[in-house]
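*Asks:* Structure file input-v5.txt, compact mmCIF, C-alpha atoms and all ligand atoms, is pasted below:
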```txt
# COMPACT_ATOMS: atom_id res chain seq x y z
CA MET L 218 12.66 14.02 24.80
CA SER L 219 15.36 12.76 22.49
CA ALA L 220 15.15 12.71 18.67
CA PRO L 221 12.49 10.32 17.34
CA MET L 222 13.72 6.87 16.44
CA ILE L 223 12.45 4.85 13.49
CA ALA L 224 12.51 1.06 13.43
CA PRO L 225 11.53 -0.43 10.05
CA SER L 226 9.86 -3.81 10.45
CA ILE L 227 11.26 -6.50 8.17
CA LEU L 228 7.91 -8.28 8.35
CA SER L 229 7.04 -6.22 5.27
CA ALA L 230 10.39 -6.87 3.55
CA ASP L 231 11.28 -9.56 1.02
CA PHE L 232 12.39 -12.49 3.22
CA ALA L 233 14.47 -13.96 0.39
CA ARG L 234 16.61 -10.78 0.28
CA LEU L 235 16.90 -9.81 3.93
CA ALA L 236 20.51 -8.57 3.78
CA ASP L 237 19.61 -6.21 0.92
CA GLU L 238 16.42 -5.15 2.67
CA ALA L 239 18.45 -4.22 5.77
CA LYS L 240 20.79 -2.16 3.58
CA ALA L 241 17.80 -0.44 2.02
CA VAL L 242 17.02 1.22 5.36
CA GLU L 243 20.52 2.31 6.34
CA GLY L 244 20.15 5.28 8.65
CA ALA L 245 17.29 3.67 10.57
CA ASP L 246 17.79 3.57 14.32
CA TRP L 247 16.77 -0.05 14.86
CA LEU L 248 15.71 -2.88 12.59
CA HIS L 249 12.51 -4.41 13.98
CA VAL L 250 12.34 -8.20 13.73
CA ASP L 251 8.96 -9.84 14.36
CA VAL L 252 9.29 -13.35 15.75
CA MET L 253 5.96 -15.24 15.71
CA ASP L 254 5.31 -18.81 16.77
CA ALA L 255 1.81 -19.58 15.45
CA HIS L 256 0.72 -20.07 19.09
CA PHE L 257 0.79 -16.69 20.77
CA VAL L 258 -0.30 -15.18 17.46
CA PRO L 259 -1.93 -16.88 14.46
CA ASN L 260 1.10 -16.47 12.22
CA LEU L 261 4.57 -17.94 11.85
CA THR L 262 7.55 -15.87 10.76
CA LEU L 263 11.18 -16.42 11.66
CA GLY L 264 13.40 -17.39 14.56
CA LEU L 265 16.89 -17.42 15.98
CA PRO L 266 18.85 -18.73 12.94
CA ILE L 267 17.60 -15.85 10.79
CA VAL L 268 18.32 -13.34 13.54
CA GLU L 269 21.87 -14.71 13.76
CA SER L 270 22.30 -14.29 10.01
CA LEU L 271 20.86 -10.77 10.09
CA LEU L 272 23.29 -9.81 12.84
CA LYS L 273 26.12 -10.62 10.45
CA ALA L 274 24.46 -8.81 7.55
CA THR L 275 23.78 -5.41 9.15
CA ASP L 276 25.16 -2.96 11.68
CA ILE L 277 21.69 -1.61 12.48
CA PRO L 278 20.82 -2.71 16.04
CA LEU L 279 18.19 -5.45 16.00
CA ASP L 280 14.95 -4.83 17.87
CA CYS L 281 13.52 -8.32 18.32
CA HIS L 282 9.79 -8.40 19.06
CA LEU L 283 8.90 -11.85 20.31
CA MET L 284 5.23 -12.68 19.79
CA ILE L 285 5.66 -16.11 21.28
CA ASP L 286 4.62 -18.28 24.20
CA ASP L 287 7.10 -19.14 26.93
CA PRO L 288 9.48 -16.17 26.63
CA ALA L 289 11.30 -17.36 29.77
CA ARG L 290 12.65 -20.20 27.67
CA TRP L 291 13.01 -18.57 24.26
CA ALA L 292 13.91 -14.91 24.86
CA PRO L 293 17.42 -15.10 26.42
CA PRO L 294 19.01 -16.80 23.36
CA TYR L 295 18.15 -13.75 21.25
CA ALA L 296 20.05 -11.60 23.73
CA GLU L 297 22.98 -14.02 23.77
CA ALA L 298 23.07 -13.93 19.97
CA GLY L 299 23.58 -10.15 20.02
CA ALA L 300 20.16 -8.55 19.57
CA HIS L 301 20.09 -4.98 20.88
CA ASN L 302 16.55 -5.21 22.31
CA VAL L 303 14.61 -8.30 23.20
CA THR L 304 10.93 -7.52 23.73
CA PHE L 305 8.35 -10.07 24.80
CA HIS L 306 4.65 -9.93 25.60
CA ALA L 307 3.28 -9.36 29.08
CA GLU L 308 0.32 -11.58 28.16
CA ALA L 309 2.67 -14.52 27.50
CA SER L 310 4.59 -14.41 30.76
CA ASP L 311 3.88 -15.34 34.40
CA ASP L 312 7.02 -13.63 35.61
CA PRO L 313 8.02 -10.78 33.29
CA VAL L 314 10.57 -9.38 35.76
CA ALA L 315 12.50 -12.66 35.77
CA VAL L 316 12.51 -12.74 31.96
CA ALA L 317 13.74 -9.12 31.83
CA ARG L 318 16.52 -9.98 34.28
CA ASP L 319 17.64 -12.91 32.12
CA ILE L 320 17.58 -10.79 28.94
CA ARG L 321 19.68 -8.10 30.59
CA ALA L 322 22.07 -10.66 32.07
CA ALA L 323 22.56 -11.99 28.54
CA GLY L 324 23.58 -8.53 27.35
CA ALA L 325 20.50 -7.01 25.69
CA LYS L 326 17.98 -4.34 26.59
CA ALA L 327 14.69 -5.74 27.86
CA GLY L 328 11.34 -4.71 26.42
CA LEU L 329 7.79 -5.39 27.55
CA SER L 330 5.00 -5.36 24.97
CA ILE L 331 1.26 -5.14 25.52
CA LYS L 332 -1.53 -5.86 23.07
CA PRO L 333 -4.12 -3.15 22.25
CA GLY L 334 -6.66 -4.52 24.74
CA THR L 335 -4.22 -4.96 27.63
CA PRO L 336 -4.29 -2.18 30.24
CA ILE L 337 -1.01 -0.64 31.35
CA GLU L 338 -1.86 -0.05 35.01
CA PRO L 339 -1.03 -3.57 36.28
CA TYR L 340 2.45 -3.25 34.74
CA LEU L 341 3.44 0.26 35.78
CA GLU L 342 5.28 -0.96 38.86
CA ILE L 343 7.43 -3.52 37.00
CA LEU L 344 8.34 -1.13 34.17
CA LYS L 345 11.31 -0.06 36.30
CA GLN L 346 12.89 -3.37 35.29
CA PHE L 347 12.56 -2.62 31.56
CA ASP L 348 14.36 -0.49 29.00
CA THR L 349 11.47 -0.28 26.54
CA LEU L 350 7.67 -0.43 26.59
CA LEU L 351 6.28 -1.53 23.22
CA VAL L 352 2.67 -0.44 22.89
CA MET L 353 0.93 -2.45 20.17
CA SER L 354 -1.34 -0.28 18.04
CA VAL L 355 -2.70 -3.24 16.04
CA GLU L 356 -3.47 -6.81 17.08
CA PRO L 357 -0.11 -8.59 16.83
CA GLY L 358 0.29 -11.07 14.01
CA PHE L 359 0.21 -9.21 10.72
CA GLY L 360 1.56 -6.12 9.02
CA GLY L 361 -0.55 -3.66 7.09
CA GLN L 362 -3.39 -3.25 9.61
CA SER L 363 -5.05 0.02 10.64
CA PHE L 364 -3.77 2.05 13.57
CA ILE L 365 -5.81 1.80 16.81
CA ALA L 366 -5.62 5.34 18.19
CA GLU L 367 -7.12 4.39 21.58
CA VAL L 368 -3.82 2.83 22.67
CA LEU L 369 -2.20 6.26 22.75
CA SER L 370 -3.59 6.86 26.23
CA LYS L 371 -1.17 4.16 27.42
CA ALA L 372 1.78 5.86 25.76
CA ARG L 373 0.70 9.16 27.32
CA ALA L 374 0.46 7.65 30.81
CA VAL L 375 3.96 6.17 30.62
CA ARG L 376 5.41 9.32 29.02
CA LYS L 377 4.23 11.27 32.07
CA LEU L 378 6.04 8.91 34.40
CA VAL L 379 9.20 9.13 32.29
CA ASP L 380 9.06 12.92 32.18
CA SER L 381 8.57 13.12 35.94
CA GLY L 382 11.58 10.86 36.48
CA GLU L 383 9.60 7.98 38.01
CA LEU L 384 10.47 5.72 35.07
CA LYS L 385 13.43 5.60 32.73
CA LEU L 386 12.59 3.78 29.50
CA LEU L 387 11.79 4.29 25.84
CA VAL L 388 8.18 4.26 24.68
CA GLU L 389 7.84 2.40 21.39
CA ILE L 390 4.77 1.94 19.21
CA ASP L 391 4.10 -0.80 16.68
CA GLY L 392 1.37 -1.20 14.12
CA GLY L 393 -0.23 1.04 11.51
CA ILE L 394 2.41 3.77 11.75
CA ASN L 395 2.55 5.83 8.56
CA ASP L 396 2.53 9.46 7.38
CA ASP L 397 -1.02 9.90 8.64
CA THR L 398 -0.60 8.41 12.13
CA VAL L 399 2.97 9.15 13.18
CA GLU L 400 2.25 12.67 14.38
CA ALA L 401 -0.51 11.59 16.77
CA ALA L 402 1.82 8.97 18.23
CA ALA L 403 4.60 11.53 18.58
CA GLU L 404 2.21 13.92 20.27
CA ALA L 405 1.40 11.17 22.79
CA GLY L 406 5.07 10.99 23.72
CA VAL L 407 6.32 8.00 21.76
CA ASP L 408 10.13 7.79 21.36
CA CYS L 409 10.43 4.99 18.81
CA PHE L 410 8.16 4.23 15.86
CA VAL L 411 8.01 0.81 14.22
CA ALA L 412 6.87 0.91 10.61
CA GLY L 413 6.60 -2.06 8.28
CA SER L 414 4.39 -1.47 5.27
CA ALA L 415 4.94 2.31 5.34
CA VAL L 416 8.70 1.78 4.88
CA TYR L 417 9.00 -1.37 2.79
CA GLY L 418 5.95 -0.55 0.69
CA ALA L 419 7.61 2.73 -0.34
CA SER L 420 9.64 3.00 -3.53
CA ASP L 421 12.55 4.43 -1.50
CA PRO L 422 12.55 2.83 1.97
CA ALA L 423 15.40 4.98 3.32
CA ALA L 424 13.56 8.14 2.25
CA ALA L 425 10.41 6.82 3.95
CA VAL L 426 12.40 6.42 7.18
CA ARG L 427 13.63 10.02 6.95
CA ALA L 428 10.14 11.32 6.18
CA LEU L 429 8.65 9.50 9.20
CA ARG L 430 11.43 10.79 11.44
CA SER L 431 10.89 14.38 10.40
CA LYS L 432 7.12 14.09 10.84
CA ALA L 433 7.65 12.58 14.31
CA ALA L 434 9.92 15.42 15.42
CA ARG L 435 7.98 17.68 17.75
C1 LIG V 501 2.60 -6.89 13.85
C2 LIG V 501 4.07 -6.58 13.98
C3 LIG V 501 4.48 -5.28 13.42
C4 LIG V 501 4.24 -5.12 11.93
C5 LIG V 501 3.86 -3.70 11.70
O1 LIG V 501 2.29 -7.95 14.68
O2 LIG V 501 4.46 -6.60 15.35
O3 LIG V 501 5.85 -5.00 13.73
O4 LIG V 501 5.36 -5.41 11.15
O5 LIG V 501 3.52 -3.55 10.38
P1 LIG V 501 2.79 -2.22 9.86
O6 LIG V 501 3.74 -1.10 10.13
O7 LIG V 501 2.58 -2.50 8.41
O8 LIG V 501 1.51 -2.10 10.64
ZN ZN V 502 6.48 -5.88 15.83
```
Show me the file's structure as structure tokens.
*Replies:*
Amino acid sequence: MSAPMIAPSILSADFARLADEAKAVEGADWLHVDVMDAHFVPNLTLGLPIVESLLKATDIPLDCHLMIDDPARWAPPYAEAGAHNVTFHAEASDDPVAVARDIRAAGAKAGLSIKPGTPIEPYLEILKQFDTLLVMSVEPGFGGQSFIAEVLSKARAVRKLVDSGELKLLVEIDGGINDDTVEAAAEAGVDCFVAGSAVYGASDPAAAVRALRSKAAR
């Protein structure tokens, strides 16, 4: 496995100072951007114009997590804009493979996300078409929730397939990652750790990123 990656989530940042908040986590591997539409999840955050502005404000690759309905329509523009990863929810799509193809054709990596209650088995076959699997370890919609450890079995199952060479993708986890939970996720074979409140709630966000990365190293 490669070195653990940390993706601070700007959901917990100060939205009026996003350029500064991106600078505050320099050294992070990705900057995680939660796009919510108040339909797929009961919250509304930000969309393409803010992503376009962020792309100009930071060199950290943007990891866009779309918690929205109709990703076939809305996901490709994030890739065209220059996002590094565009991840959408399996539960929101009738044809995830087609959406992944469009994201890749537009120049980004394609990610599939599943909610805590969604099993992984039905999606194992199509994961070949993805660059990232984002396992949600809280119900999507809000930062600052408690980690749901049961989802780690999904990370473990996919890690096995990656290690055996059947799949080639990064396993990412999102929700409730902090000093107390990051090691269990690392032990389950996670490559990339999203952390919102644990990073932006810290007095030194860049130091929090480094601390999580060293705890995640196995
Ligand atoms: C929740 C978002 C997460 C959120 C994580 O729906 O997808 O990215 O920012 O926040 P923490 O790390 O505070 O659980
Ligand atoms: Zn997220």
*Asks:* Restricting the calculation to all atoms listed in the file, which member of L:Ala405, L:Ala224, L:Ala236, L:Ala255 is positioned closest to Asp391 (chain L)?
*Replies:*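 Among the listed residues, the smallest separation from Asp391 (chain L) belongs to L:Ala224.
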*Asks:* Mind dumping a table of every region 393-435 of chain L residue within 12 Å of region 361-371 of chain L, with the nearest atom pair and its distance in Å to one decimal, using all atoms listed in the file, sorted by chain and rising number, as CSV?
*Replies:*
```
residue,atom,partner,partner_atom,distance
L:Gly393,CA,L:Phe364,CA,4.2
L:Ile394,CA,L:Phe364,CA,6.7
L:Asn395,CA,L:Phe364,CA,8.9
L:Asp396,CA,L:Phe364,CA,11.5
L:Asp397,CA,L:Phe364,CA,9.7
L:Thr398,CA,L:Phe364,CA,7.3
L:Val399,CA,L:Phe364,CA,9.8
L:Glu400,CA,L:Ala366,CA,11.4
L:Ala401,CA,L:Leu369,CA,8.2
L:Ala402,CA,L:Leu369,CA,6.6
L:Ala403,CA,L:Leu369,CA,9.6
L:Glu404,CA,L:Leu369,CA,9.2
L:Ala405,CA,L:Leu369,CA,6.1
L:Gly406,CA,L:Leu369,CA,8.7
L:Val407,CA,L:Leu369,CA,8.8
L:Val411,CA,L:Phe364,CA,11.9
L:Ala412,CA,L:Gly361,CA,9.4
L:Gly413,CA,L:Gly361,CA,7.4
L:Ser414,CA,L:Gly361,CA,5.7
L:Ala415,CA,L:Gly361,CA,8.3
L:Val416,CA,L:Gly361,CA,11.0
L:Tyr417,CA,L:Gly361,CA,10.7
L:Gly418,CA,L:Gly361,CA,9.6
```
*Asks:* Which is closest to ligand ZN 502 (chain V) among L:Ser354, L:Thr335, L:Ser270, L:Ser219, if we use all atoms listed in the file?
*Replies:*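 Counting all atoms listed in the file, the residue closest to ligand ZN 502 (chain V) is L:Ser354.
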*Asks:* Just need the box for region 367-382 of chain L, edges along x, y and z, holding every atom the file lists for it with 3 Å tacked onto each side, so centre and edge lengths in Å to one decimal, as JSON.
*Replies:*
```
{"center_x": 2.2, "center_y": 8.0, "center_z": 29.0, "size_x": 24.7, "size_y": 16.3, "size_z": 20.9}
```
*Asks:* Using only C-alpha atoms and all ligand atoms, pick whichever of L:Phe347, L:Tyr295, L:Phe257, L:Tyr340 has the shortest atom-to-atom distance to ligand LIG 501 (chain V).
*Replies:*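 Looking only at the distances to ligand LIG 501 (chain V), the closest residue turns out to be L:Phe257.
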*Asks:* Enumerate as a PyMOL selection string the residues within 10 Å of ligand ZN 502 (chain V), counting all atoms listed in the file.
*Replies:* chain L and resi 224-228+249-253+280-284+304+330+351-355+357-360+390-392+411-413
*Asks:* Check the smallest atom-to-atom distance from each of L:Asp231, L:Glu356, L:Asp408, L:Asp312 to ligand LIG 501 (chain V) using only C-alpha atoms and all ligand atoms, then report the winner.
*Replies:*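 With only C-alpha atoms and all ligand atoms as the atom set, the closest residue is L:Glu356.
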